[in-house]
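Participant: Next comes target-v5.cif, mmCIF, C-alpha atoms:
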data_entry
#
loop_
_atom_site.label_atom_id
_atom_site.label_comp_id
_atom_site.auth_asym_id
_atom_site.auth_seq_id
_atom_site.Cartn_x
_atom_site.Cartn_y
_atom_site.Cartn_z
CA MET A 30 -43.57 -19.79 101.86
CA PRO A 31 -42.34 -21.95 98.98
CA ARG A 32 -40.18 -20.26 96.42
CA SER A 33 -41.62 -19.59 93.01
CA PRO A 34 -39.97 -21.67 90.33
CA ARG A 35 -37.11 -19.89 88.62
CA LEU A 36 -37.64 -19.30 84.95
CA PRO A 37 -34.83 -20.61 82.77
CA ASN A 38 -32.71 -18.23 80.76
CA THR A 39 -34.16 -17.69 77.30
CA ARG A 40 -30.74 -17.86 75.71
CA THR A 41 -30.02 -21.17 77.45
CA VAL A 42 -33.31 -22.65 76.29
CA PHE A 43 -32.63 -21.53 72.75
CA ARG A 44 -29.21 -23.16 72.76
CA ARG A 45 -30.56 -26.34 74.36
CA ARG A 46 -33.38 -26.71 71.89
CA ARG A 47 -31.35 -25.89 68.84
CA ASP A 48 -31.58 -28.63 66.26
CA PRO A 49 -28.30 -30.59 65.95
CA GLU A 50 -28.71 -30.50 62.16
CA GLY A 51 -28.93 -26.71 62.20
CA ARG A 52 -32.65 -26.27 61.46
CA MET A 53 -33.99 -23.04 62.95
CA PRO A 54 -37.24 -21.09 62.67
CA LEU A 55 -37.37 -17.91 60.59
CA ALA A 56 -37.07 -15.62 63.64
CA ALA A 57 -33.91 -17.42 64.74
CA HIS A 58 -32.44 -17.07 61.25
CA LEU A 59 -33.15 -13.33 61.31
CA ARG A 60 -31.48 -13.01 64.72
CA GLU A 61 -28.53 -14.98 63.43
CA LEU A 62 -28.28 -12.69 60.39
CA ARG A 63 -28.45 -9.60 62.60
CA ASN A 64 -25.70 -10.86 64.92
CA ARG A 65 -23.45 -11.85 62.02
CA PHE A 66 -24.00 -8.45 60.39
CA PHE A 67 -23.07 -6.56 63.55
CA VAL A 68 -19.91 -8.62 64.02
CA ALA A 69 -18.85 -7.99 60.41
CA VAL A 70 -19.53 -4.25 60.64
CA GLY A 71 -17.70 -4.06 63.96
CA ALA A 72 -14.65 -5.78 62.47
CA ILE A 73 -14.62 -3.37 59.52
CA ALA A 74 -14.94 -0.39 61.87
CA LEU A 75 -12.06 -1.60 64.05
CA ALA A 76 -9.88 -2.25 61.02
CA THR A 77 -10.42 1.35 59.92
CA VAL A 78 -8.13 2.54 62.75
CA PRO A 79 -4.91 0.86 61.50
CA ALA A 80 -6.02 1.47 57.90
CA TRP A 81 -6.13 5.20 58.65
CA MET A 82 -2.42 5.09 59.54
CA PHE A 83 -1.47 3.56 56.16
CA TYR A 84 -3.49 6.06 54.15
CA GLU A 85 -0.57 7.83 52.48
CA PRO A 86 1.23 4.78 50.98
CA VAL A 87 -2.11 3.32 49.80
CA LEU A 88 -3.07 6.69 48.30
CA ASP A 89 0.26 6.87 46.46
CA ALA A 90 -0.16 3.31 45.12
CA LEU A 91 -3.67 4.01 43.82
CA LEU A 92 -2.62 7.31 42.23
CA ARG A 93 0.43 5.87 40.49
CA PRO A 94 -1.44 4.56 37.39
CA LEU A 95 -3.21 7.92 36.96
CA ARG A 96 -0.06 10.01 37.32
CA ALA A 97 1.73 7.80 34.79
CA GLN A 98 -0.86 8.91 32.19
CA ARG A 99 -0.59 12.69 32.72
CA GLY A 100 -3.40 12.74 35.23
CA ASN A 101 -4.03 13.69 38.83
CA VAL A 102 -6.85 14.27 41.29
CA ASN A 103 -8.32 17.49 42.58
CA PHE A 104 -9.78 18.18 46.03
CA THR A 105 -12.75 20.39 45.25
CA ASP A 106 -13.59 21.67 48.75
CA MET A 107 -12.39 21.68 52.36
CA MET A 108 -14.12 18.42 53.26
CA SER A 109 -13.01 16.45 50.20
CA ALA A 110 -9.55 15.62 51.61
CA PHE A 111 -11.08 14.21 54.80
CA ALA A 112 -13.77 12.34 52.82
CA THR A 113 -11.12 10.85 50.53
CA GLN A 114 -9.00 9.66 53.45
CA LEU A 115 -12.08 8.09 55.04
CA GLN A 116 -13.03 6.46 51.73
CA VAL A 117 -9.58 4.96 51.18
CA SER A 118 -9.34 3.85 54.83
CA LEU A 119 -12.69 2.05 54.60
CA PHE A 120 -11.53 0.33 51.44
CA LEU A 121 -8.34 -0.82 53.13
CA SER A 122 -10.28 -1.93 56.22
CA LEU A 123 -12.46 -4.15 54.00
CA LEU A 124 -9.31 -5.89 52.83
CA VAL A 125 -7.81 -6.20 56.32
CA SER A 126 -11.01 -7.49 57.93
CA SER A 127 -11.90 -9.86 55.08
CA PRO A 128 -11.20 -13.00 57.19
CA VAL A 129 -13.82 -11.86 59.72
CA TRP A 130 -16.67 -10.83 57.42
CA LEU A 131 -16.06 -13.74 55.06
CA TYR A 132 -16.28 -16.10 58.02
CA GLN A 133 -19.51 -14.42 59.15
CA ILE A 134 -21.04 -14.97 55.72
CA TRP A 135 -20.04 -18.62 55.76
CA ALA A 136 -21.10 -19.11 59.38
CA PHE A 137 -24.58 -17.93 58.48
CA VAL A 138 -24.79 -20.91 56.10
CA VAL A 139 -23.26 -23.33 58.64
CA PRO A 140 -26.49 -24.01 60.63
CA GLY A 141 -27.97 -25.58 57.51
CA LEU A 142 -25.13 -28.10 57.23
CA THR A 143 -24.39 -31.34 59.01
CA ARG A 144 -21.84 -31.59 61.81
CA ARG A 145 -19.29 -33.23 59.54
CA GLU A 146 -19.65 -30.45 56.96
CA ARG A 147 -19.37 -27.74 59.62
CA ARG A 148 -15.87 -28.94 60.47
CA GLY A 149 -14.77 -28.08 56.95
CA ALA A 150 -16.09 -24.51 57.20
CA ILE A 151 -12.78 -23.16 58.52
CA GLY A 152 -11.00 -24.75 55.57
CA PHE A 153 -13.32 -23.13 53.08
CA VAL A 154 -12.88 -19.74 54.73
CA ALA A 155 -9.11 -20.25 54.63
CA VAL A 156 -9.47 -20.68 50.87
CA ALA A 157 -11.88 -17.74 50.49
CA VAL A 158 -9.52 -15.14 51.94
CA PRO A 159 -6.61 -15.91 49.55
CA LEU A 160 -9.07 -16.01 46.63
CA PHE A 161 -10.45 -12.60 47.58
CA MET A 162 -6.97 -11.16 47.98
CA ALA A 163 -5.85 -12.71 44.68
CA GLY A 164 -8.78 -11.09 42.88
CA CYS A 165 -7.97 -7.70 44.40
CA TYR A 166 -4.30 -8.06 43.49
CA LEU A 167 -5.17 -9.02 39.92
CA ALA A 168 -7.37 -5.93 39.70
CA TYR A 169 -4.48 -3.77 40.93
CA LEU A 170 -2.24 -5.27 38.24
CA THR A 171 -4.93 -4.59 35.63
CA LEU A 172 -5.57 -1.03 36.87
CA PRO A 173 -2.70 0.70 34.96
CA LYS A 174 -3.89 -0.80 31.66
CA ALA A 175 -7.48 0.23 32.38
CA VAL A 176 -6.44 3.81 33.19
CA GLU A 177 -4.20 3.95 30.12
CA ILE A 178 -7.02 2.87 27.79
CA LEU A 179 -9.56 5.25 29.30
CA LEU A 180 -7.19 8.23 29.15
CA SER A 181 -6.01 7.41 25.63
CA PHE A 182 -9.03 9.35 24.35
CA LEU A 183 -7.62 12.62 25.73
CA PRO A 184 -6.27 15.16 23.23
CA PRO A 185 -2.47 15.33 23.13
CA GLU A 186 -2.31 18.68 24.96
CA ALA A 187 -4.90 17.86 27.63
CA GLN A 188 -4.37 16.54 31.14
CA ALA A 189 -6.79 14.52 33.24
CA LEU A 190 -7.74 16.38 36.41
CA MET A 191 -10.67 14.73 38.15
CA PRO A 192 -12.32 14.97 41.58
CA ALA A 193 -10.60 12.75 44.12
CA SER A 194 -13.86 11.20 45.30
CA ASP A 195 -14.80 10.16 41.75
CA TYR A 196 -11.44 8.59 40.99
CA PHE A 197 -11.03 6.69 44.25
CA GLY A 198 -14.67 5.61 44.16
CA TRP A 199 -14.10 4.09 40.73
CA VAL A 200 -10.78 2.46 41.71
CA THR A 201 -12.09 0.88 44.91
CA LYS A 202 -15.19 -0.50 43.19
CA PHE A 203 -13.00 -1.88 40.39
CA ILE A 204 -10.70 -3.70 42.83
CA LEU A 205 -13.50 -4.99 45.06
CA ALA A 206 -15.41 -6.27 42.02
CA PHE A 207 -12.45 -8.47 41.09
CA GLY A 208 -12.09 -9.69 44.67
CA LEU A 209 -15.77 -10.60 45.02
CA ALA A 210 -15.80 -12.24 41.60
CA PHE A 211 -13.07 -14.61 42.75
CA LEU A 212 -15.35 -15.78 45.57
CA LEU A 213 -17.65 -17.42 43.02
CA PRO A 214 -16.50 -21.02 43.76
CA ILE A 215 -16.95 -20.53 47.51
CA PHE A 216 -20.59 -19.55 47.14
CA LEU A 217 -21.23 -22.31 44.62
CA ILE A 218 -19.81 -24.89 47.00
CA ALA A 219 -21.85 -23.39 49.84
CA LEU A 220 -25.03 -23.81 47.78
CA ASN A 221 -24.02 -27.37 47.00
CA LEU A 222 -23.43 -28.17 50.66
CA ALA A 223 -26.82 -26.70 51.50
CA GLY A 224 -28.43 -28.98 48.90
CA VAL A 225 -29.59 -26.08 46.71
CA LEU A 226 -27.22 -26.53 43.75
CA PRO A 227 -26.29 -30.13 42.82
CA ALA A 228 -23.13 -30.73 40.82
CA SER A 229 -25.19 -32.16 37.94
CA VAL A 230 -27.03 -28.84 37.60
CA MET A 231 -23.71 -26.97 37.56
CA LEU A 232 -22.48 -29.20 34.73
CA ARG A 233 -25.67 -28.94 32.67
CA GLY A 234 -25.74 -25.17 33.00
CA TRP A 235 -22.09 -24.48 32.26
CA ARG A 236 -22.88 -22.72 28.95
CA ILE A 237 -25.29 -20.33 30.62
CA ALA A 238 -22.82 -19.82 33.46
CA VAL A 239 -20.03 -18.91 31.04
CA ILE A 240 -22.27 -16.39 29.26
CA VAL A 241 -23.32 -14.84 32.58
CA ILE A 242 -19.66 -14.65 33.66
CA PHE A 243 -18.63 -12.83 30.48
CA VAL A 244 -21.58 -10.43 30.75
CA PHE A 245 -20.68 -9.76 34.38
CA ALA A 246 -17.04 -9.15 33.44
CA ALA A 247 -18.06 -6.81 30.61
CA VAL A 248 -20.26 -4.77 32.95
CA MET A 249 -17.78 -4.62 35.84
CA THR A 250 -14.70 -3.73 33.76
CA PRO A 251 -14.83 -0.09 32.68
CA THR A 252 -12.60 -0.29 29.62
CA PRO A 253 -13.79 -1.00 26.06
CA ASP A 254 -10.89 -3.35 25.33
CA PRO A 255 -11.32 -7.14 25.60
CA TYR A 256 -8.15 -7.69 27.63
CA THR A 257 -9.50 -6.36 30.92
CA MET A 258 -12.73 -8.29 30.45
CA LEU A 259 -10.82 -11.51 29.73
CA GLY A 260 -8.61 -10.85 32.75
CA MET A 261 -11.70 -11.17 34.94
CA ALA A 262 -13.79 -13.65 32.94
CA LEU A 263 -11.24 -16.40 32.27
CA PRO A 264 -10.23 -16.89 35.94
CA MET A 265 -13.92 -16.92 36.89
CA VAL A 266 -14.62 -19.66 34.31
CA PHE A 267 -11.72 -21.69 35.68
CA LEU A 268 -13.00 -21.20 39.24
CA TYR A 269 -16.51 -22.24 38.17
CA PHE A 270 -15.31 -25.60 36.87
CA SER A 271 -13.06 -25.99 39.92
CA ALA A 272 -16.14 -25.51 42.11
CA TYR A 273 -17.95 -28.16 40.07
CA GLY A 274 -15.09 -30.60 40.69
CA VAL A 275 -15.14 -29.96 44.44
CA ALA A 276 -18.94 -30.27 44.54
CA ARG A 277 -18.71 -33.60 42.70
CA LEU A 278 -16.24 -34.92 45.27
CA ILE A 279 -18.49 -33.76 48.13
CA GLU A 280 -21.48 -35.57 46.63
CA ARG A 281 -19.47 -38.77 46.17
CA ARG A 282 -18.48 -38.73 49.82
CA ARG A 283 -22.08 -38.14 50.79
CA ALA A 284 -23.17 -41.10 48.69
CA LYS A 285 -20.63 -43.37 50.40
CA ARG A 286 -21.93 -42.41 53.84
CA ARG A 287 -25.56 -42.77 52.80
CA PRO A 288 -27.32 -46.08 53.57
CA ASP A 289 -28.08 -48.30 50.59
CA TRP A 290 -31.84 -48.17 51.12
CA VAL A 291 -31.90 -44.36 50.71
CA ALA A 292 -31.07 -44.59 47.01
CA VAL A 293 -33.85 -47.12 46.27
CA PRO A 294 -36.82 -45.58 44.37
CA ASP A 295 -40.16 -45.31 46.16
CA ASP A 296 -41.84 -47.93 43.93
CA GLN A 297 -39.23 -50.63 44.69
CA ALA A 298 -38.70 -52.75 47.79
CA SER A 299 -35.47 -52.11 49.65
CA ALA A 300 -33.19 -54.74 51.19
CA LEU A 301 -34.67 -53.95 54.59
#
As structure tokens - that is how I would like this structure written.

Facilitator:
Amino acid sequence: MPRSPRLPNTRTVFRRRRDPEGRMPLAAHLRELRNRFFVAVGAIALATVPAWMFYEPVLDALLRPLRAQRGNVNFTDMMSAFATQLQVSLFLSLLVSSPVWLYQIWAFVVPGLTRRERRGAIGFVAVAVPLFMAGCYLAYLTLPKAVEILLSFLPPEAQALMPASDYFGWVTKFILAFGLAFLLPIFLIALNLAGVLPASVMLRGWRIAVIVIFVFAAVMTPTPDPYTMLGMALPMVFLYFSAYGVARLIERRRAKRRPDWVAVPDDQASAL
């Protein structure tokens, strides 16, 4: 009896038929997003283990600005100490695993790029991680001033005693907001590589972009003083124009590799 033909592996067929330019149907994009999400979450979960071991020095570093202003935290119930350690460990694991989840975000954009542009993805991720860390470090340097301004409204005899979950929730969001804000040029360049945001549009809309940046900085910084807001907004403005410069260089290289007849309008005859 002749053997029935063996069906090919679905995964092999999918890889074989994948478009070399990275075009995929919607279902494939959703599967790609799911896989990237699971890898990022798994990396964060694994990084929580070593982050748990460094809980005490990180806790002391985050509490230092509050204790310098006659303040401290209070653990309100039996579970609050465990919840605080888990909260701080997750925050530290986000920092430790940032190369993995930043790469997963970029790799989700990679299928929409050409092969030449994919080779530069590792370089962009290598820039994204220091930018993210620089934003977090700048936030940590700004944190004592922010705590000082917020606690300056206390009466002279009073002391700030707040729930630990509230304080560390505010501190971690404050630091992560700075770190994510410094990733602005990476996402702008990614949109430019994907053909969504040309450099000319970035230049024409720089006034609106500056206004949006200052509004974002005013919302994300908790203090009423302008110094903290400027500490976030001015670097973001500089990074915006840096992203425009990089996008302009990318488009010039694209134009050099493009055939001459591509730039000819539809109503004119090309050299062909």

Participant: Looking at A:Ser181, A:Thr257, A:Ser126, A:Asn64, which one is nearest to A:Gln98, with distances taken over only C-alpha atoms?

Facilitator: A:Ser181

Participant: Find the spatial neighbours of A:Val200, counting all atoms listed in the file, within a cut-off of 12 Å - ignore same-chain residues fewer than 2 positions away - and output them as a ChimeraX atom specification.

Facilitator: /A:87-88,90-95,116-117,120,165,168-169,171-173,175-176,193-198,202-207,249-251

Participant: Pick the closest to A:Leu217 from A:Arg96, A:Arg65, A:Arg277, A:Arg286: which is it, counting all atoms listed in the file?

Facilitator: A:Arg277

Participant: Which distance in Å separates atom CA of A:Pro255 and atom CA of A:Ile240, to one decimal?

Facilitator: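 So the two atoms, atom CA of A:Pro255 and atom CA of A:Ile240, lie 14.8 Å apart.
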
Participant: Contacts of A:Phe83 at 12 Å or less, counting only C-alpha atoms, minus same-chain residues fewer than 3 places along, as an mmCIF file with C-alpha atoms, keeping the file's coordinate frame?

Facilitator:
data_model
loop_
_atom_site.group_PDB
_atom_site.id
_atom_site.type_symbol
_atom_site.label_atom_id
_atom_site.label_comp_id
_atom_site.auth_asym_id
_atom_site.auth_seq_id
_atom_site.Cartn_x
_atom_site.Cartn_y
_atom_site.Cartn_z
ATOM 1 C CA ALA A 76 -9.880 -2.250 61.020
ATOM 2 C CA THR A 77 -10.420 1.350 59.920
ATOM 3 C CA VAL A 78 -8.130 2.540 62.750
ATOM 4 C CA PRO A 79 -4.910 0.860 61.500
ATOM 5 C CA ALA A 80 -6.020 1.470 57.900
ATOM 6 C CA PRO A 86 1.230 4.780 50.980
ATOM 7 C CA VAL A 87 -2.110 3.320 49.800
ATOM 8 C CA LEU A 88 -3.070 6.690 48.300
ATOM 9 C CA ASP A 89 0.260 6.870 46.460
ATOM 10 C CA ALA A 90 -0.160 3.310 45.120
ATOM 11 C CA GLN A 114 -9.000 9.660 53.450
ATOM 12 C CA LEU A 115 -12.080 8.090 55.040
ATOM 13 C CA VAL A 117 -9.580 4.960 51.180
ATOM 14 C CA SER A 118 -9.340 3.850 54.830
ATOM 15 C CA LEU A 119 -12.690 2.050 54.600
ATOM 16 C CA PHE A 120 -11.530 0.330 51.440
ATOM 17 C CA LEU A 121 -8.340 -0.820 53.130
ATOM 18 C CA SER A 122 -10.280 -1.930 56.220
ATOM 19 C CA VAL A 125 -7.810 -6.200 56.320
#

Participant: Would you kindly return, as a PyMOL selection string, each protein, DNA or RNA residue with an atom no farther than 8 Å from any atom of A:Met265, considering only C-alpha atoms and excluding same-chain residues fewer than 6 positions away?

Facilitator: chain A and resi 210-211+213+242

Participant: Which residue out of A:Ala136, A:Leu183, A:Leu209, A:Met107 has the minimum interatomic distance to A:His58 when only C-alpha atoms are used?

Facilitator: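 Answer, going by the shortest atom-to-atom distance: A:Ala136.
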
Participant: Which residue is closest to A:Ala223? Choose from A:Ile279, A:Leu59, A:Leu124, A:Leu180 and count all atoms listed in the file.

Facilitator: A:Ile279

Participant: With distances taken over only C-alpha atoms, which residue among A:Met258, A:Val70, A:Ala189, A:Ala276 lies nearest A:Pro214?

Facilitator: A:Ala276

Participant: Evaluated on this file, the PyMOL selection byres ((chain A and resi 227) around 10) picks out some residues - which ones are they, written as a ChimeraX atom specification?

Facilitator: /A:217-218,220-226,228-232,273,276-277,280

Participant: Please evaluate the PyMOL selection byres ((chain A and resi 268) around 12) against the displayed coordinates and give the resulting residues as a count of residues only.

Facilitator: 30
